[in-house]
>>> print(open('final_17.pdb').read())   # PDB, C-alpha atoms
ATOM      1  CA  MET G  11      -1.367  30.107   7.823
ATOM      2  CA  ASN G  12       1.883  30.260   9.800
ATOM      3  CA  GLU G  13       0.013  29.784  13.080
ATOM      4  CA  LEU G  14      -1.041  26.327  11.844
ATOM      5  CA  LEU G  15       2.529  25.184  11.197
ATOM      6  CA  THR G  16       3.154  24.126  14.789
ATOM      7  CA  ARG G  17       4.859  21.075  16.234
ATOM      8  CA  LYS G  18       1.557  19.832  17.660
ATOM      9  CA  ASN G  19      -0.210  20.021  14.293
ATOM     10  CA  PHE G  20       2.781  18.400  12.604
ATOM     11  CA  TRP G  21       2.535  15.308  14.790
ATOM     12  CA  ILE G  22      -1.258  15.160  14.474
ATOM     13  CA  ILE G  23      -0.884  15.024  10.689
ATOM     14  CA  THR G  24       1.881  12.433  11.038
ATOM     15  CA  PHE G  25      -0.114  10.138  13.343
ATOM     16  CA  ASN G  26      -3.216  10.369  11.137
ATOM     17  CA  SER G  27      -1.260   9.492   8.025
ATOM     18  CA  THR G  28       0.777   6.739   9.707
ATOM     19  CA  ALA G  29      -2.415   5.021  10.893
ATOM     20  CA  SER G  30      -3.814   5.307   7.355
ATOM     21  CA  PHE G  31      -0.575   3.916   5.899
ATOM     22  CA  VAL G  32      -0.640   0.845   8.160
ATOM     23  CA  LEU G  33      -4.381   0.182   7.834
ATOM     24  CA  ALA G  34      -4.225   0.474   4.037
ATOM     25  CA  TYR G  35      -1.444  -2.105   3.845
ATOM     26  CA  ILE G  36      -3.218  -4.477   6.232
ATOM     27  CA  ILE G  37      -6.351  -4.268   4.052
ATOM     28  CA  ILE G  38      -4.367  -5.084   0.908
ATOM     29  CA  PHE G  39      -2.538  -7.935   2.639
ATOM     30  CA  TYR G  40      -5.588  -9.698   4.056
ATOM     31  CA  VAL G  41      -7.566  -9.281   0.845
ATOM     32  CA  ASN G  42      -4.772 -11.230  -0.842
ATOM     33  CA  GLN G  43      -4.800 -13.826   1.945
ATOM     34  CA  LEU G  44      -8.542 -14.232   1.399
ATOM     35  CA  SER G  45      -7.998 -14.632  -2.351
ATOM     36  CA  PHE G  46      -5.657 -17.579  -1.680
ATOM     37  CA  VAL G  47      -8.316 -19.232   0.477
ATOM     38  CA  LEU G  48     -11.134 -18.727  -2.032
ATOM     39  CA  THR G  49      -9.231 -19.650  -5.182
ATOM     40  CA  GLY G  50      -7.517 -22.589  -3.464
ATOM     41  CA  GLY G  51     -10.928 -23.838  -2.403
ATOM     42  CA  MET G  52     -12.040 -23.895  -6.032
ATOM     43  CA  TYR G  53      -9.474 -26.659  -6.601
ATOM     44  CA  ASP G  54      -9.983 -28.359  -3.220
ATOM     45  CA  TYR G  55      -6.508 -27.320  -2.092
ATOM     46  CA  PRO G  56      -6.248 -27.188   1.713
ATOM     47  CA  VAL G  57      -4.470 -23.976   2.694
ATOM     48  CA  SER G  58      -3.291 -22.569   5.996
ATOM     49  CA  ILE G  59      -2.846 -18.853   6.639
ATOM     50  CA  ASP G  60      -1.467 -16.816   9.497
ATOM     51  CA  TYR G  61      -0.617 -13.173  10.127
ATOM     52  CA  ALA G  62       2.207 -13.186   7.591
ATOM     53  CA  SER G  63       2.157 -16.188   5.272
ATOM     54  CA  TYR G  64       0.177 -18.883   3.496
ATOM     55  CA  PHE G  65       0.881 -22.531   2.693
ATOM     56  CA  PHE G  66      -0.889 -24.982   0.384
ATOM     57  CA  HIS G  67      -0.911 -28.522   1.794
ATOM     58  CA  ILE G  68      -0.558 -30.354  -1.498
ATOM     59  CA  GLU G  69       2.118 -32.239  -3.350
ATOM     60  CA  PRO G  70       4.031 -30.504  -6.164
ATOM     61  CA  TYR G  71       2.459 -32.755  -8.804
ATOM     62  CA  GLU G  72      -1.032 -31.599  -7.780
ATOM     63  CA  TRP G  73      -0.424 -28.110  -9.152
ATOM     64  CA  THR G  74      -1.998 -27.572 -12.549
ATOM     65  CA  HIS G  75      -1.556 -24.889 -15.158
ATOM     66  CA  ASP G  76      -5.026 -23.437 -14.516
ATOM     67  CA  SER G  77      -4.769 -23.511 -10.724
ATOM     68  CA  VAL G  78      -1.417 -21.701 -10.654
ATOM     69  CA  ILE G  79      -2.629 -18.966 -12.991
ATOM     70  CA  LEU G  80      -5.857 -18.385 -11.064
ATOM     71  CA  ILE G  81      -4.496 -18.676  -7.510
ATOM     72  CA  PHE G  82      -1.413 -16.496  -7.980
ATOM     73  CA  SER G  83      -3.018 -13.837 -10.181
ATOM     74  CA  ALA G  84      -6.408 -13.331  -8.512
ATOM     75  CA  GLY G  85      -5.006 -11.325  -5.599
ATOM     76  CA  TYR G  86      -3.097  -9.001  -7.906
ATOM     77  CA  ILE G  87      -6.140  -8.320 -10.051
ATOM     78  CA  ILE G  88      -8.258  -7.605  -6.961
ATOM     79  CA  THR G  89      -5.513  -5.365  -5.590
ATOM     80  CA  LEU G  90      -5.406  -3.400  -8.853
ATOM     81  CA  LEU G  91      -9.188  -2.908  -8.641
ATOM     82  CA  ILE G  92      -8.855  -1.731  -5.033
ATOM     83  CA  GLY G  93      -6.271   0.806  -6.151
ATOM     84  CA  LEU G  94      -8.481   2.137  -8.936
ATOM     85  CA  LEU G  95     -11.534   2.340  -6.671
ATOM     86  CA  SER G  96      -9.466   4.107  -4.004
ATOM     87  CA  LEU G  97      -8.327   6.650  -6.574
ATOM     88  CA  LEU G  98     -11.951   7.263  -7.571
ATOM     89  CA  ALA G  99     -12.940   7.633  -3.905
ATOM     90  CA  PHE G 100     -10.069  10.071  -3.395
ATOM     91  CA  PHE G 101     -11.258  12.350  -6.188
ATOM     92  CA  TYR G 102     -14.888  11.975  -5.095
ATOM     93  CA  LEU G 103     -13.964  13.359  -1.650
ATOM     94  CA  LEU G 104     -11.392  15.812  -2.966
ATOM     95  CA  ALA G 105     -13.535  18.931  -2.607
ATOM     96  CA  ASP G 106     -14.345  18.157   1.043
ATOM     97  CA  ALA G 107     -11.993  18.917   3.925
ATOM     98  CA  MET G 108     -11.979  15.308   5.106
ATOM     99  CA  PRO G 109      -8.712  13.737   6.328
ATOM    100  CA  ILE G 110     -10.114  10.280   5.469
ATOM    101  CA  LYS G 111      -8.786  10.979   1.957
ATOM    102  CA  THR G 112      -5.405  10.028   3.394
ATOM    103  CA  LEU G 113      -6.556   6.412   3.738
ATOM    104  CA  PHE G 114      -7.580   6.261   0.072
ATOM    105  CA  PHE G 115      -4.284   7.890  -0.906
ATOM    106  CA  TRP G 116      -2.297   5.146   0.843
ATOM    107  CA  LEU G 117      -4.607   2.433  -0.480
ATOM    108  CA  PHE G 118      -3.825   3.665  -3.983
ATOM    109  CA  MET G 119      -0.095   3.777  -3.222
ATOM    110  CA  HIS G 120       0.067   0.308  -1.647
ATOM    111  CA  ALA G 121      -2.096  -1.246  -4.358
ATOM    112  CA  SER G 122       0.086   0.253  -7.101
ATOM    113  CA  ILE G 123       3.289  -0.949  -5.428
ATOM    114  CA  TYR G 124       1.826  -4.403  -4.817
ATOM    115  CA  PHE G 125       0.678  -4.782  -8.433
ATOM    116  CA  PHE G 126       3.438  -3.050 -10.400
ATOM    117  CA  GLY G 127       6.126  -4.145  -7.926
ATOM    118  CA  GLY G 128       4.927  -7.709  -8.397
ATOM    119  CA  LEU G 129       5.208  -7.332 -12.160
ATOM    120  CA  MET G 130       8.728  -5.939 -11.907
ATOM    121  CA  VAL G 131      10.399  -7.817  -9.038
ATOM    122  CA  GLY G 132       8.161 -10.898  -8.772
ATOM    123  CA  ASN G 133       8.686 -11.610 -12.441
ATOM    124  CA  LEU G 134      12.466 -11.517 -12.039
ATOM    125  CA  LEU G 135      12.581 -13.557  -8.794
ATOM    126  CA  THR G 136       9.694 -15.931  -9.645
ATOM    127  CA  GLU G 137       7.746 -14.862  -6.570
ATOM    128  CA  GLY G 138       4.068 -13.950  -6.273
ATOM    129  CA  ILE G 139       2.626 -13.350  -9.710
ATOM    130  CA  GLY G 140       6.004 -14.446 -11.078
ATOM    131  CA  HIS G 141       4.779 -18.055 -10.649
ATOM    132  CA  VAL G 142       2.103 -17.314 -13.236
ATOM    133  CA  PHE G 143       4.584 -16.086 -15.815
ATOM    134  CA  ASN G 144       6.859 -19.033 -15.086
ATOM    135  CA  TRP G 145       4.059 -21.525 -15.725
ATOM    136  CA  MET G 146       3.084 -19.696 -18.923
ATOM    137  CA  TYR G 147       6.559 -20.502 -20.296
ATOM    138  CA  LEU G 148       7.116 -16.964 -21.500
ATOM    139  CA  THR G 149      10.296 -16.035 -23.308
ATOM    140  CA  ASP G 150      12.899 -13.863 -21.607
ATOM    141  CA  THR G 151      11.965 -10.988 -23.933
ATOM    142  CA  VAL G 152       8.317 -11.090 -22.872
ATOM    143  CA  LYS G 153       9.321 -11.301 -19.201
ATOM    144  CA  MET G 154      11.552  -8.263 -19.631
ATOM    145  CA  ILE G 155       8.680  -6.321 -21.218
ATOM    146  CA  ILE G 156       6.467  -7.253 -18.235
ATOM    147  CA  SER G 157       9.171  -6.100 -15.798
ATOM    148  CA  LEU G 158       9.536  -2.812 -17.681
ATOM    149  CA  THR G 159       5.756  -2.369 -17.540
ATOM    150  CA  GLY G 160       5.963  -2.736 -13.775
ATOM    151  CA  PHE G 161       8.860  -0.274 -13.603
ATOM    152  CA  PHE G 162       7.077   2.433 -15.595
ATOM    153  CA  GLY G 163       3.879   1.793 -13.613
ATOM    154  CA  LEU G 164       5.785   2.497 -10.396
ATOM    155  CA  LEU G 165       7.425   5.559 -11.931
ATOM    156  CA  LEU G 166       4.075   6.953 -13.055
ATOM    157  CA  THR G 167       2.617   6.294  -9.601
ATOM    158  CA  ALA G 168       5.478   8.174  -7.916
ATOM    159  CA  ILE G 169       5.086  11.154 -10.241
ATOM    160  CA  SER G 170       1.297  11.367 -10.009
ATOM    161  CA  SER G 171       1.137  10.769  -6.242
ATOM    162  CA  SER G 172       3.037  13.995  -5.557
ATOM    163  CA  ARG G 173       0.167  15.899  -7.135
ATOM    164  CA  LEU G 174      -2.367  13.895  -5.134
ATOM    165  CA  ALA G 175      -0.527  14.700  -1.904
ATOM    166  CA  SER G 176      -0.572  18.440  -2.585
ATOM    167  CA  LEU G 177      -4.302  18.315  -3.395
ATOM    168  CA  MET G 178      -4.845  16.382  -0.168
ATOM    169  CA  ALA G 179      -3.563  19.386   1.788
ATOM    170  CA  ASN G 180      -7.084  20.841   1.680
ATOM    171  CA  SER G 181      -7.932  18.436   4.508
ATOM    172  CA  TYR G 182      -5.992  20.685   6.881
ATOM    173  CA  PHE G 183      -5.143  23.967   5.143
ATOM    174  CA  GLU G 184      -6.851  26.623   3.026
ATOM    175  CA  LYS G 185      -3.884  26.771   0.673
ATOM    176  CA  TYR G 186      -0.780  24.859  -0.279
ATOM    177  CA  SER G 187       2.392  26.828  -0.911
ATOM    178  CA  GLU G 188       6.078  26.150  -1.489
ATOM    179  CA  LYS G 189       6.857  27.586   1.958
ATOM    180  CA  MET G 190       4.734  25.041   3.809
ATOM    181  CA  GLY G 191       5.766  22.179   1.505
ATOM    182  CA  PRO G 192       8.516  20.660   3.723
ATOM    183  CA  PHE G 193       6.284  20.854   6.826
ATOM    184  CA  TYR G 194       3.315  19.211   5.132
ATOM    185  CA  ILE G 195       5.060  16.638   2.921
ATOM    186  CA  THR G 196       7.276  15.431   5.764
ATOM    187  CA  GLY G 197       4.334  14.995   8.145
ATOM    188  CA  GLN G 198       1.847  13.670   5.612
ATOM    189  CA  VAL G 199       4.024  11.341   3.529
ATOM    190  CA  LEU G 200       7.699  10.905   4.437
ATOM    191  CA  LEU G 201       7.491  10.198   8.181
ATOM    192  CA  PRO G 202       4.359   8.022   7.831
ATOM    193  CA  TYR G 203       6.292   5.949   5.284
ATOM    194  CA  PHE G 204       9.168   5.553   7.753
ATOM    195  CA  PHE G 205       7.089   4.872  10.882
ATOM    196  CA  GLY G 206       4.522   2.777   9.014
ATOM    197  CA  SER G 207       7.170   0.575   7.393
ATOM    198  CA  LEU G 208       8.799   0.088  10.799
ATOM    199  CA  LEU G 209       5.510  -0.927  12.426
ATOM    200  CA  LEU G 210       4.712  -3.357   9.611
ATOM    201  CA  TYR G 211       8.193  -4.866   9.808
ATOM    202  CA  PHE G 212       7.719  -5.717  13.475
ATOM    203  CA  TYR G 213       4.136  -6.850  12.835
ATOM    204  CA  TYR G 214       5.274  -9.453  10.304
ATOM    205  CA  PHE G 215       8.582 -10.316  11.962
ATOM    206  CA  PRO G 216      10.056 -12.917  11.657
ATOM    207  CA  LYS G 217       7.955 -14.184   8.741
ATOM    208  CA  ASN G 218       8.480 -11.288   6.338
ATOM    209  CA  MET G 219       7.341 -12.596   2.954
ATOM    210  CA  PHE G 220       8.059 -11.393  -0.582
ATOM    211  CA  HIS G 221       6.152  -8.096  -0.554
ATOM    212  CA  GLU G 222       7.105  -7.331   3.034
ATOM    213  CA  LYS G 223      10.789  -7.813   2.148
ATOM    214  CA  TYR G 224      10.883  -5.675  -0.976
ATOM    215  CA  GLY G 225       7.822  -3.401  -0.772
ATOM    216  CA  TRP G 226       9.409  -0.873   1.589
ATOM    217  CA  ILE G 227      12.505  -0.670  -0.624
ATOM    218  CA  ILE G 228      10.413   0.001  -3.722
ATOM    219  CA  MET G 229       8.382   2.632  -1.894
ATOM    220  CA  GLY G 230      11.578   4.187  -0.542
ATOM    221  CA  VAL G 231      12.867   4.735  -4.085
ATOM    222  CA  MET G 232       9.452   6.135  -5.018
ATOM    223  CA  MET G 233       9.622   8.517  -2.049
ATOM    224  CA  VAL G 234      12.841   9.998  -3.447
ATOM    225  CA  ILE G 235      11.127  10.651  -6.790
ATOM    226  CA  PHE G 236       8.063  11.883  -4.915
ATOM    227  CA  PHE G 237      10.078  14.373  -2.841
ATOM    228  CA  ILE G 238      11.922  15.750  -5.871
ATOM    229  CA  ARG G 239       8.636  16.143  -7.715
ATOM    230  CA  THR G 240       7.031  18.060  -4.826
ATOM    231  CA  GLN G 241       9.702  20.760  -5.125
ATOM    232  CA  PHE G 242       8.074  21.853  -8.385
ATOM    233  CA  GLN G 243       4.435  21.872  -7.286
ATOM    234  CA  GLN G 244       2.432  25.031  -7.891
ATOM    235  CA  ASP G 245       0.723  26.926  -5.082
ATOM    236  CA  LEU G 246      -2.885  25.899  -4.557
ATOM    237  CA  LEU G 247      -5.809  27.802  -3.041
ATOM    238  CA  PHE G 248      -8.723  25.752  -1.733
ATOM    239  CA  GLU G 249     -12.351  26.621  -1.058
ATOM    240  CA  GLU G 250     -13.243  27.764   2.425
ATOM    241  CA  ASP G 251     -14.733  25.109   4.666
ATOM    242  CA  ASP G 252     -15.973  25.715   8.213
ATOM    243  CA  ASN G 253     -15.316  22.054   9.082
ATOM    244  CA  ARG G 254     -11.616  22.266   8.211
ATOM    245  CA  SER G 255      -9.337  21.768  11.211
ATOM    246  CA  ILE G 256      -6.244  19.843  12.231
ATOM    247  CA  ARG G 257      -7.452  17.187  14.636
ATOM    248  CA  PRO G 258      -6.578  13.533  15.304
ATOM    249  CA  MET G 259      -8.572  10.872  13.479
ATOM    250  CA  THR G 260      -9.050   9.070  16.777
ATOM    251  CA  ALA G 261     -11.435   6.414  15.448
ATOM    252  CA  LEU G 262      -9.103   5.472  12.594
ATOM    253  CA  ILE G 263      -6.061   5.289  14.869
ATOM    254  CA  VAL G 264      -7.889   3.130  17.437
ATOM    255  CA  VAL G 265      -9.333   0.813  14.762
ATOM    256  CA  THR G 266      -5.869   0.373  13.236
ATOM    257  CA  LEU G 267      -4.320  -0.550  16.580
ATOM    258  CA  ILE G 268      -7.144  -2.988  17.371
ATOM    259  CA  ILE G 269      -6.852  -4.694  13.984
ATOM    260  CA  LEU G 270      -3.093  -5.036  14.388
ATOM    261  CA  ALA G 271      -3.379  -6.525  17.880
ATOM    262  CA  VAL G 272      -6.330  -8.846  17.196
ATOM    263  CA  SER G 273      -5.089 -10.167  13.845
ATOM    264  CA  ARG G 274      -1.608 -10.811  15.249
ATOM    265  CA  ALA G 275      -3.054 -12.661  18.248
ATOM    266  CA  VAL G 276      -5.729 -14.671  16.409
ATOM    267  CA  LEU G 277      -3.506 -15.609  13.474
ATOM    268  CA  PHE G 278      -0.320 -16.148  15.471
ATOM    269  CA  ARG G 279      -0.670 -19.869  14.727
ATOM    270  CA  PRO G 280      -1.669 -20.939  11.187
ATOM    271  CA  ILE G 281      -5.335 -21.671  10.616
ATOM    272  CA  LEU G 282      -5.941 -24.634   8.313
ATOM    273  CA  ILE G 283      -8.860 -24.255   5.901
ATOM    274  CA  ASN G 284      -9.697 -27.607   4.321
TER     275      ASN G 284
END
>>> encode(input="final_17.pdb", output="structure tokens")
Amino acid sequence: MNELLTRKNFWIITFNSTASFVLAYIIIFYVNQLSFVLTGGMYDYPVSIDYASYFFHIEPYEWTHDSVILIFSAGYIITLLIGLLSLLAFFYLLADAMPIKTLFFWLFMHASIYFFGGLMVGNLLTEGIGHVFNWMYLTDTVKMIISLTGFFGLLLTAISSSRLASLMANSYFEKYSEKMGPFYITGQVLLPYFFGSLLLYFYYFPKNMFHEKYGWIIMGVMMVIFFIRTQFQQDLLFEEDDNRSIRPMTALIVVTLIILAVSRAVLFRPILIN
């Protein structure tokens, strides 16, 4: 086992997970952009989108109760479904030594932060799904309950994800132990969070929107809880697999870089969809 804990393997794990982190967020982001286009089209609202933002070309009086609820909640519901499906995919592939599980892990993490973070922060700042609650004329008590639901959803995600990360170690190792914990958790989760958040910041700069402004902060707090939780994980022994090895996910890394470059170039100027 010790012969696998090398600097080379550490950075391979880090690059694989960082690419998965970035690709997962880009998927969540553009699914939400697509939801604005589709739901806005249902009300004949012209909308323009680019690599970082959206804008509805209508007058304030043209907004209706139904349109606000549908347009600003559809993306969150779809994102929640993506998170649940990613969690199912993660457990479906759990027994196999396949690093692609890392992508589903980050999809689950980003989807949970997008949904529960929206409930907690968006509700308080009237951003994102907060527009829905504002147009529903909810009392302050109900809004506080919704924010607390988002808070406990994030807390539960942080606690449960530490277990998922340790189970995910079977992609590279035959066992997970307390001794290898700092090596693995740093390369698989902590550094990818740091590098991935940095890449996404520069990708969206200077048009960082609501989730891009606060998402990395929320995940940062979750990483603290995550790291503390991993200190109490039990040792795990996985089934032997001849296909298990520490190697770069070259295809995933290349696809991620291509998507970043192409989407940034194509959507540099807003595209109007009327």
>>> resolve_selection(input="final_17.pdb", expression="the PyMOL selection byres ((chain G and resi 168) around 10)", output="PyMOL selection string")
chain G and resi 119+122-123+162-167+169-173+229+231-237+239
>>> residues_near_point(input="final_17.pdb", point="(-4.4, 3.7, 1.2)", cutoff="12 Å", atoms="all atoms listed in the file", output="PyMOL selection string")
chain G and resi 27-39+89+92-97+99-100+110-124+171+199+202-203+206
>>> atom_distance(input="final_17.pdb", atom1="atom CA of G:Phe161", atom2="atom CA of G:Ala175")
21.2 Å
>>> resolve_selection(input="final_17.pdb", expression="the PyMOL selection byres ((chain G and resi 213) around 10)", output="number ranges by chain")
G: 61-62, 207-212, 214-218, 270-271, 273-274
>>> atom_distance(input="final_17.pdb", atom1="atom CA of G:Leu262", atom2="atom CA of G:Ala105")
20.8 Å
>>> resolve_selection(input="final_17.pdb", expression="the PyMOL selection byres ((chain G and resi 23-25) around 12)", output="PyMOL selection string")
chain G and resi 14-22+26-32+109-110+112+178-179+181-183+193-206+255-260+262-264+266-267
>>> residues_near_point(input="final_17.pdb", point="(4.7, 28.2, -0.3)", cutoff="10 Å", atoms="all atoms listed in the file", output="mmCIF file with C-alpha atoms, in the frame of the given file")
data_model
loop_
_atom_site.group_PDB
_atom_site.id
_atom_site.type_symbol
_atom_site.label_atom_id
_atom_site.label_comp_id
_atom_site.auth_asym_id
_atom_site.auth_seq_id
_atom_site.Cartn_x
_atom_site.Cartn_y
_atom_site.Cartn_z
ATOM 1 C CA LYS G 185 -3.884 26.771 0.673
ATOM 2 C CA TYR G 186 -0.780 24.859 -0.279
ATOM 3 C CA SER G 187 2.392 26.828 -0.911
ATOM 4 C CA GLU G 188 6.078 26.150 -1.489
ATOM 5 C CA LYS G 189 6.857 27.586 1.958
ATOM 6 C CA MET G 190 4.734 25.041 3.809
ATOM 7 C CA GLY G 191 5.766 22.179 1.505
ATOM 8 C CA PRO G 192 8.516 20.660 3.723
ATOM 9 C CA GLN G 243 4.435 21.872 -7.286
ATOM 10 C CA GLN G 244 2.432 25.031 -7.891
ATOM 11 C CA ASP G 245 0.723 26.926 -5.082
ATOM 12 C CA LEU G 246 -2.885 25.899 -4.557
#
>>> residues_around(input="final_17.pdb", residues="G:Leu158", least_positions_apart="4", cutoff="12 Å", atoms="all atoms listed in the file", output="PyMOL selection string")
chain G and resi 126-131+133-134+151-154+162-165
>>> build_atoms(input="final_17.pdb", residues="stretch 111-125 of chain G", atoms="N, CA, C and O atoms", output="compact mmCIF listing (two decimals), in the coordinates of the input")
# COMPACT_ATOMS: atom_id res chain seq x y z
N LYS G 111 -9.40 11.12 3.29
CA LYS G 111 -8.79 10.98 1.96
C LYS G 111 -7.40 10.37 2.06
O LYS G 111 -6.92 9.73 1.12
N THR G 112 -6.74 10.58 3.20
CA THR G 112 -5.40 10.03 3.39
C THR G 112 -5.41 8.51 3.29
O THR G 112 -4.48 7.91 2.75
N LEU G 113 -6.46 7.87 3.81
CA LEU G 113 -6.56 6.41 3.74
C LEU G 113 -6.64 5.95 2.28
O LEU G 113 -5.97 4.99 1.88
N PHE G 114 -7.45 6.64 1.49
CA PHE G 114 -7.58 6.26 0.07
C PHE G 114 -6.30 6.55 -0.70
O PHE G 114 -5.96 5.83 -1.64
N PHE G 115 -5.58 7.60 -0.29
CA PHE G 115 -4.28 7.89 -0.91
C PHE G 115 -3.32 6.73 -0.69
O PHE G 115 -2.67 6.25 -1.63
N TRP G 116 -3.22 6.24 0.55
CA TRP G 116 -2.30 5.15 0.84
C TRP G 116 -2.79 3.83 0.27
O TRP G 116 -1.97 2.96 -0.09
N LEU G 117 -4.09 3.63 0.19
CA LEU G 117 -4.61 2.43 -0.48
C LEU G 117 -4.17 2.41 -1.94
O LEU G 117 -3.75 1.37 -2.46
N PHE G 118 -4.27 3.56 -2.59
CA PHE G 118 -3.82 3.66 -3.98
C PHE G 118 -2.33 3.40 -4.09
O PHE G 118 -1.87 2.66 -4.98
N MET G 119 -1.55 3.96 -3.19
CA MET G 119 -0.10 3.78 -3.22
C MET G 119 0.29 2.31 -2.99
O MET G 119 1.07 1.73 -3.76
N HIS G 120 -0.27 1.70 -1.95
CA HIS G 120 0.07 0.31 -1.65
C HIS G 120 -0.40 -0.64 -2.75
O HIS G 120 0.32 -1.59 -3.11
N ALA G 121 -1.59 -0.39 -3.29
CA ALA G 121 -2.10 -1.25 -4.36
C ALA G 121 -1.22 -1.15 -5.60
O ALA G 121 -0.92 -2.16 -6.24
N SER G 122 -0.78 0.06 -5.93
CA SER G 122 0.09 0.25 -7.10
C SER G 122 1.43 -0.44 -6.90
O SER G 122 1.94 -1.10 -7.82
N ILE G 123 2.00 -0.32 -5.71
CA ILE G 123 3.29 -0.95 -5.43
C ILE G 123 3.14 -2.47 -5.41
O ILE G 123 4.00 -3.19 -5.93
N TYR G 124 2.06 -2.96 -4.86
CA TYR G 124 1.83 -4.40 -4.82
C TYR G 124 1.70 -4.96 -6.23
O TYR G 124 2.31 -5.98 -6.56
N PHE G 125 0.93 -4.28 -7.08
CA PHE G 125 0.68 -4.78 -8.43
C PHE G 125 1.89 -4.58 -9.34
O PHE G 125 2.44 -5.54 -9.89
